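With compact mmCIF, C-alpha atoms inside, this is coords09.txt:
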```
# COMPACT_ATOMS: atom_id res chain seq x y z
CA MET A 1 0.00 0.00 0.00
CA VAL A 2 1.02 3.63 -0.43
CA SER A 3 1.82 5.20 2.94
CA LEU A 4 2.17 8.97 3.34
CA LEU A 5 3.53 10.76 6.39
CA PRO A 6 1.61 13.90 7.46
CA ALA A 7 4.00 16.23 5.60
CA PHE A 8 3.54 14.28 2.37
CA ARG A 9 -0.23 14.19 2.78
CA LEU A 10 -0.06 18.00 2.82
CA PHE A 11 1.89 17.81 -0.44
CA TYR A 12 -0.73 15.43 -1.85
CA ASP A 13 -3.58 17.75 -0.90
CA SER A 14 -1.76 20.66 -2.54
CA TYR A 15 -1.05 18.91 -5.85
CA ARG A 16 -3.88 16.44 -6.38
CA ASN A 17 -5.68 18.92 -8.63
CA PHE A 18 -2.46 19.67 -10.51
CA LYS A 19 -1.07 16.16 -10.87
CA ASP A 20 -0.10 16.77 -14.53
CA GLU A 21 2.79 18.84 -13.18
CA LEU A 22 4.27 15.77 -11.51
CA SER A 23 6.39 13.00 -13.01
CA PRO A 24 4.59 9.93 -14.45
CA GLU A 25 5.83 7.86 -11.50
CA ALA A 26 4.48 10.36 -8.98
CA GLN A 27 1.16 10.52 -10.83
CA THR A 28 0.85 6.72 -10.65
CA GLU A 29 1.45 6.73 -6.90
CA MET A 30 -0.99 9.60 -6.45
CA VAL A 31 -3.70 7.64 -8.27
CA ARG A 32 -2.99 4.55 -6.15
CA TYR A 33 -3.15 6.58 -2.95
CA THR A 34 -6.42 8.21 -4.01
CA GLN A 35 -7.94 4.81 -4.78
CA GLN A 36 -6.85 3.51 -1.38
CA GLN A 37 -8.43 6.45 0.41
CA ILE A 38 -11.72 6.00 -1.46
CA LYS A 39 -11.81 2.29 -0.61
CA ILE A 40 -11.17 2.75 3.08
CA TYR A 41 -13.61 5.67 3.30
CA ARG A 42 -16.37 3.60 1.70
CA LEU A 43 -15.59 0.61 3.92
CA ASN A 44 -15.62 2.64 7.15
CA ARG A 45 -18.85 4.38 6.14
CA TRP A 46 -20.54 1.03 5.35
CA VAL A 47 -19.41 -0.57 8.63
CA ASN A 48 -20.51 2.49 10.62
CA VAL A 49 -24.08 2.06 9.32
CA TYR A 50 -24.32 -1.71 9.88
CA HIS A 51 -21.98 -2.06 12.86
CA ALA A 52 -24.61 -3.42 15.27
CA ASP A 53 -25.88 -6.03 12.79
CA LEU A 54 -22.36 -7.19 11.93
CA ASP A 55 -21.32 -7.35 15.57
CA SER A 56 -24.36 -9.47 16.45
CA GLY A 57 -23.57 -11.92 13.63
CA ASN A 58 -26.65 -11.14 11.53
CA ALA A 59 -26.36 -13.53 8.57
CA GLU A 60 -27.82 -11.15 5.97
CA ALA A 61 -25.58 -8.30 7.10
CA LEU A 62 -22.49 -10.53 6.99
CA GLU A 63 -23.33 -11.76 3.49
CA ALA A 64 -23.88 -8.19 2.27
CA PHE A 65 -20.63 -7.14 3.94
CA HIS A 66 -18.56 -9.83 2.21
CA ASN A 67 -20.15 -8.94 -1.13
CA PHE A 68 -19.22 -5.30 -0.55
CA VAL A 69 -15.63 -6.23 0.40
CA ASN A 70 -15.38 -8.18 -2.87
CA GLU A 71 -16.71 -5.17 -4.77
CA LEU A 72 -13.96 -3.02 -3.22
CA GLY A 73 -11.32 -5.55 -4.22
CA LEU A 74 -10.40 -6.21 -0.58
CA ASN A 75 -11.48 -9.85 -0.45
CA ALA A 76 -7.86 -10.99 -0.06
CA ASP A 77 -7.17 -8.48 2.73
CA VAL A 78 -6.54 -10.26 6.04
CA PRO A 79 -5.91 -7.76 8.87
CA LEU A 80 -4.39 -10.24 11.33
CA ALA A 81 -2.10 -12.05 8.88
CA ASN A 82 1.61 -12.32 9.80
CA ALA A 83 0.90 -12.15 13.53
CA ASN A 84 3.91 -13.39 15.46
CA MET A 85 5.64 -13.08 18.79
CA LEU A 86 8.22 -10.38 19.45
CA VAL A 87 10.92 -12.46 21.11
CA MET A 88 14.42 -11.66 22.38
CA PRO A 89 16.18 -14.93 21.50
CA LYS A 90 19.42 -13.99 23.26
CA MET A 91 17.61 -12.92 26.42
CA GLY A 92 16.13 -16.26 27.40
CA ASN A 93 13.49 -16.22 24.63
CA SER A 94 11.46 -13.72 26.64
CA CYS A 95 8.67 -12.03 24.69
CA LEU A 96 6.52 -8.91 24.62
CA LYS A 97 3.12 -9.55 26.22
CA VAL A 98 -0.04 -7.67 27.25
CA GLU A 99 -1.99 -8.18 30.47
CA SER A 100 -5.21 -6.68 31.80
CA LEU A 101 -4.80 -5.21 35.30
CA ASN A 102 -7.43 -5.17 38.03
CA THR A 103 -7.96 -1.49 37.26
CA GLY A 104 -9.02 -2.40 33.72
CA LYS A 105 -5.90 -0.82 32.24
CA LEU A 106 -3.59 -2.77 29.94
CA ASN A 107 0.07 -3.31 30.75
CA VAL A 108 2.79 -4.25 28.26
CA TYR A 109 5.74 -6.17 29.71
CA MET A 110 8.42 -8.77 28.95
CA SER A 111 7.33 -12.27 29.88
CA GLY A 112 9.68 -15.12 30.69
CA LYS A 113 9.68 -17.89 28.07
CA ASN A 114 7.10 -20.03 29.91
CA GLY A 115 4.52 -17.32 29.30
CA CYS A 116 5.35 -17.11 25.58
CA THR A 117 3.03 -19.79 24.25
CA GLY A 118 1.48 -18.01 21.28
CA GLU A 119 -1.77 -16.83 22.87
CA PRO A 120 -3.22 -13.64 21.30
CA SER A 121 -1.77 -11.42 24.06
CA THR A 122 1.75 -12.39 22.90
CA MET A 123 1.13 -11.98 19.17
CA TRP A 124 1.90 -8.76 17.27
CA ILE A 125 1.22 -7.46 13.76
CA HIS A 126 3.41 -4.80 12.12
CA ASP A 127 1.21 -2.89 9.68
CA ALA A 128 2.20 -1.23 6.39
CA VAL A 129 2.45 2.21 8.01
CA GLY A 130 4.69 0.98 10.83
CA LYS A 131 2.27 0.58 13.76
CA LEU A 132 2.47 -2.48 16.02
CA HIS A 133 -0.94 -4.03 16.84
CA ASN A 134 -1.53 -6.64 19.50
CA GLN A 135 -3.62 -9.54 18.17
CA GLN A 136 -5.86 -9.60 21.24
CA TYR A 137 -6.47 -5.83 21.00
CA PRO A 138 -6.03 -5.06 17.28
CA ASP A 139 -7.45 -1.55 17.52
CA LEU A 140 -4.69 -0.59 20.00
CA CYS A 141 -1.06 0.06 19.05
CA LEU A 142 2.23 0.14 20.93
CA THR A 143 3.66 3.60 21.67
CA THR A 144 7.06 4.85 22.76
CA SER A 145 5.62 5.20 26.27
CA ARG A 146 5.30 1.37 26.24
CA ALA A 147 1.51 1.63 26.41
CA LEU A 148 -1.28 0.51 24.09
CA THR A 149 -3.36 3.39 22.77
CA SER A 150 -5.93 3.78 19.99
CA CYS A 151 -4.18 3.30 16.66
CA ASN A 152 -3.59 6.56 14.79
CA ASN A 153 -1.39 7.06 11.72
CA ASP A 154 -0.75 10.67 12.75
CA LEU A 155 0.92 9.70 16.04
CA GLN A 156 4.65 9.55 15.40
CA GLY A 157 5.07 7.65 18.67
CA GLN A 158 3.23 4.66 17.16
CA LEU A 159 5.33 4.38 13.99
CA TRP A 160 8.11 1.83 14.39
CA GLY A 161 10.95 1.38 11.95
CA VAL A 162 12.94 -1.83 11.71
CA THR A 163 16.72 -1.90 11.54
CA VAL A 164 18.43 -5.10 10.51
CA ASN A 165 22.23 -5.05 10.71
CA GLY A 166 23.84 -8.46 10.82
CA ASP A 167 22.29 -10.25 13.80
CA THR A 168 20.97 -6.96 15.26
CA GLN A 169 17.25 -6.57 14.67
CA GLN A 170 15.88 -3.48 16.35
CA LEU A 171 12.52 -1.73 16.69
CA ARG A 172 13.52 1.89 16.31
CA GLN A 173 12.13 5.38 16.63
CA GLY A 174 14.78 7.92 15.67
CA ASN A 175 17.92 7.09 17.63
CA SER A 176 16.06 5.17 20.35
CA CYS A 177 15.16 1.48 20.35
CA LEU A 178 12.71 -0.75 22.22
CA ASP A 179 14.83 -2.19 25.02
CA LEU A 180 14.61 -4.66 27.92
CA TYR A 181 15.21 -2.45 30.96
CA GLY A 182 18.38 -3.19 32.87
CA GLY A 183 19.55 -5.71 30.28
CA TRP A 184 18.80 -8.69 32.49
CA THR A 185 16.98 -11.85 31.43
CA PRO A 186 13.67 -12.66 33.16
CA SER A 187 13.50 -16.14 34.66
CA ALA A 188 11.41 -18.70 32.74
CA ASP A 189 8.36 -17.73 34.80
CA GLY A 190 9.43 -14.16 35.49
CA ARG A 191 8.84 -10.79 33.94
CA GLY A 192 10.77 -7.71 32.93
CA GLU A 193 10.13 -4.09 32.03
CA ILE A 194 10.54 -2.58 28.59
CA THR A 195 11.83 0.90 27.92
CA MET A 196 13.20 3.13 25.16
CA TYR A 197 16.96 3.54 25.10
CA GLY A 198 19.66 4.79 22.74
CA CYS A 199 20.20 2.19 20.01
CA GLY A 200 23.27 0.02 20.53
CA SER A 201 24.48 -3.52 19.98
CA GLY A 202 23.19 -5.10 23.20
CA ASN A 203 21.20 -8.34 23.15
CA ASN A 204 18.44 -6.55 25.07
CA GLN A 205 17.55 -4.69 21.83
CA LYS A 206 17.63 -7.70 19.49
CA TRP A 207 14.18 -8.93 18.50
CA THR A 208 12.77 -11.51 16.14
CA ILE A 209 11.09 -9.08 13.75
CA VAL A 210 7.45 -9.48 12.76
CA PRO A 211 6.99 -9.24 8.94
CA GLN A 212 4.91 -6.26 7.83
CA ASN A 213 1.30 -6.97 6.89
CA GLN A 214 0.27 -5.00 3.79
CA SER A 215 -3.42 -5.01 4.80
CA LEU A 216 -5.07 -1.69 3.94
CA ILE A 217 -7.84 -2.48 6.43
CA LEU A 218 -5.34 -2.97 9.27
CA ALA A 219 -3.38 0.17 8.47
CA ALA A 220 -6.23 2.59 7.80
CA SER A 221 -9.52 1.46 9.40
CA LYS A 222 -11.00 3.42 12.27
CA GLY A 223 -10.30 1.79 15.66
CA ARG A 224 -13.89 0.84 16.51
CA ASN A 225 -14.34 -0.70 13.07
CA LEU A 226 -10.94 -2.41 13.03
CA LYS A 227 -11.78 -4.43 16.14
CA LEU A 228 -14.92 -5.72 14.43
CA LEU A 229 -13.33 -6.22 11.01
CA SER A 230 -10.48 -8.22 12.52
CA LYS A 231 -13.07 -10.60 13.97
CA ILE A 232 -15.15 -11.14 10.82
CA LEU A 233 -12.30 -11.18 8.28
CA VAL A 234 -10.37 -14.07 9.85
CA LYS A 235 -9.29 -16.55 7.16
```
Transcribe the structure of this file into structure tokens.
Amino acid sequence: MVSLLPAFRLFYDSYRNFKDELSPEAQTEMVRYTQQQIKIYRLNRWVNVYHADLDSGNAEALEAFHNFVNELGLNADVPLANANMLVMPKMGNSCLKVESLNTGKLNVYMSGKNGCTGEPSTMWIHDAVGKLHNQQYPDLCLTTSRALTSCNNDLQGQLWGVTVNGDTQQLRQGNSCLDLYGGWTPSADGRGEITMYGCGSGNNQKWTIVPQNQSLILAASKGRNLKLLSKILVK
């Protein structure tokens, strides 16, 4: 999919009525981006109207929905594809996990390997824009404050870049990387704290990287709709 940062969306808005002034390659990308935006706008509008029927599993609504998805050309779009664990293999195979606290808030932490069994709370999806979604809470994305908040493509703190340099695989934002605090390995049944720290070569910044999912629905759907769409578009 075509992904534009806020500054480039401003450029797009300025030139979309004067696209003949751009190079052929830029015009092609502009057309693709416009088509994407129309698709996701139509999908969100449709789901907004029939949200209650879809959520309740109404058979007629679900059939109409799948027909509409086919019409949009999104029938092969699977929002939760490529979900995988974010593991630190050189730190005892500990993994990034989400838990629900007694207060109702969600907490993201490093689990010892015995807690890394592939349940949805340990599975993550890296979308085409760069956001990291948790499979159990797909409408929420990981931020630099190590919290899960409503996914938003305009929040720079949710956009994660991946650096692969030899055996160093980092989740990076600027010059800071997602890091296991203190650099110590949780016991098999233990837990650790994650933090952001200056990128280096330590094993406490080396992750097994989740492949990016090119789903337009995952990257661009509204949060309330994405939670529902992730449920009914499982394949």
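Taking CA of Asp154 (chain A) and CA of Trp124 (chain A) as the two end points, the separation is 20.1 Å.
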Distance table requested - region 117-183 of chain A against region 94-110 of chain A, cut-off 7 Å, all atoms listed in the file: one row per qualifying residue with the closest atom pair and its distance in Å to one decimal, ordered by chain and rising residue number, as a Markdown table.
```
| residue | atom | partner | partner_atom | distance |
| --- | --- | --- | --- | --- |
| A:Ser121 | CA | A:Val98 | CA | 5.2 |
| A:Thr122 | CA | A:Lys97 | CA | 4.6 |
| A:Arg146 | CA | A:Val108 | CA | 6.5 |
| A:Ala147 | CA | A:Val108 | CA | 6.3 |
```
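Take CA of Thr143 (chain A) and CA of Lys231 (chain A): the distance between them is 23.3 Å.
Taking CA of Gly57 (chain A) and CA of His126 (chain A) as endpoints, the distance between them is 27.9 Å.
For the set A:Glu21, A:Glu63, A:Glu29, A:Asp179, the residue with the smallest atom-to-atom gap to Leu86 (chain A) is A:Asp179, counting only C-alpha atoms.
Using all atoms listed in the file, the smallest distance between any of A:Val162, A:Ile38, A:Leu228, A:Leu233 and Ser56 (chain A) comes from A:Leu228.
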Long-range neighbours of Val234 (chain A) as a PyMOL selection string, 8 Å cut-off, all atoms listed in the file, 2 positions minimum in chain: chain A and resi 78-80+230-232
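Closest approach to Leu4 (chain A) among A:Ala219, A:Glu60, A:Asn75, A:Leu148: A:Ala219, based on all atoms listed in the file.
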With 8 Å added on each side, what axis-aligned box encloses every listed atom of region 131-146 of chain A? Give the centre and edge lengths in Å to one decimal, as JSON.
```
{"center_x": -0.2, "center_y": -2.2, "center_z": 20.0, "size_x": 30.5, "size_y": 30.8, "size_z": 28.5}
```
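Among the candidates A:Gln173, A:Gln37, A:Ser14, A:Ser215, the residue lying nearest to Met196 (chain A) is A:Gln173 (atoms considered: all atoms listed in the file).
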Find the residues around Ala52 (chain A) up to 12 Å (only C-alpha atoms counted), leave out those fewer than 6 positions away in its own chain, and share them as a ChimeraX atom specification. /A:46,58,61-62,224-225,228
Applying 12 Å and all atoms listed in the file, which residues near Val31 (chain A) remain after dropping the ones on its own chain fewer than 2 positions away? List them as a PyMOL selection string. chain A and resi 1-2+12+15-17+19-20+22+24-29+33-38
Just want the 6 Å neighbourhood of region 183-186 of chain A, counted on only C-alpha atoms, with same-chain residues fewer than 6 positions away dropped. Output as a list in words. Met91, Gly112, Gly192 and Asn204 of chain A
Find the residues near region 128-133 of chain A: any atom within 8 Å, counting all atoms listed in the file, skip ones fewer than 6 places away on the same chain, and give them as a ChimeraX atom specification. /A:1,3,139-142,151,153,158-161,212-216,219
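Nearest residue to Val164 (chain A), choosing from A:Ser145, A:Asn44, A:Ser201, A:Ser221 and counting only C-alpha atoms: A:Ser201.
Proximity of A:Arg45, A:Leu178, A:Gly223, A:Ser187 to Thr149 (chain A), computed with all atoms listed in the file, is greatest for A:Gly223.
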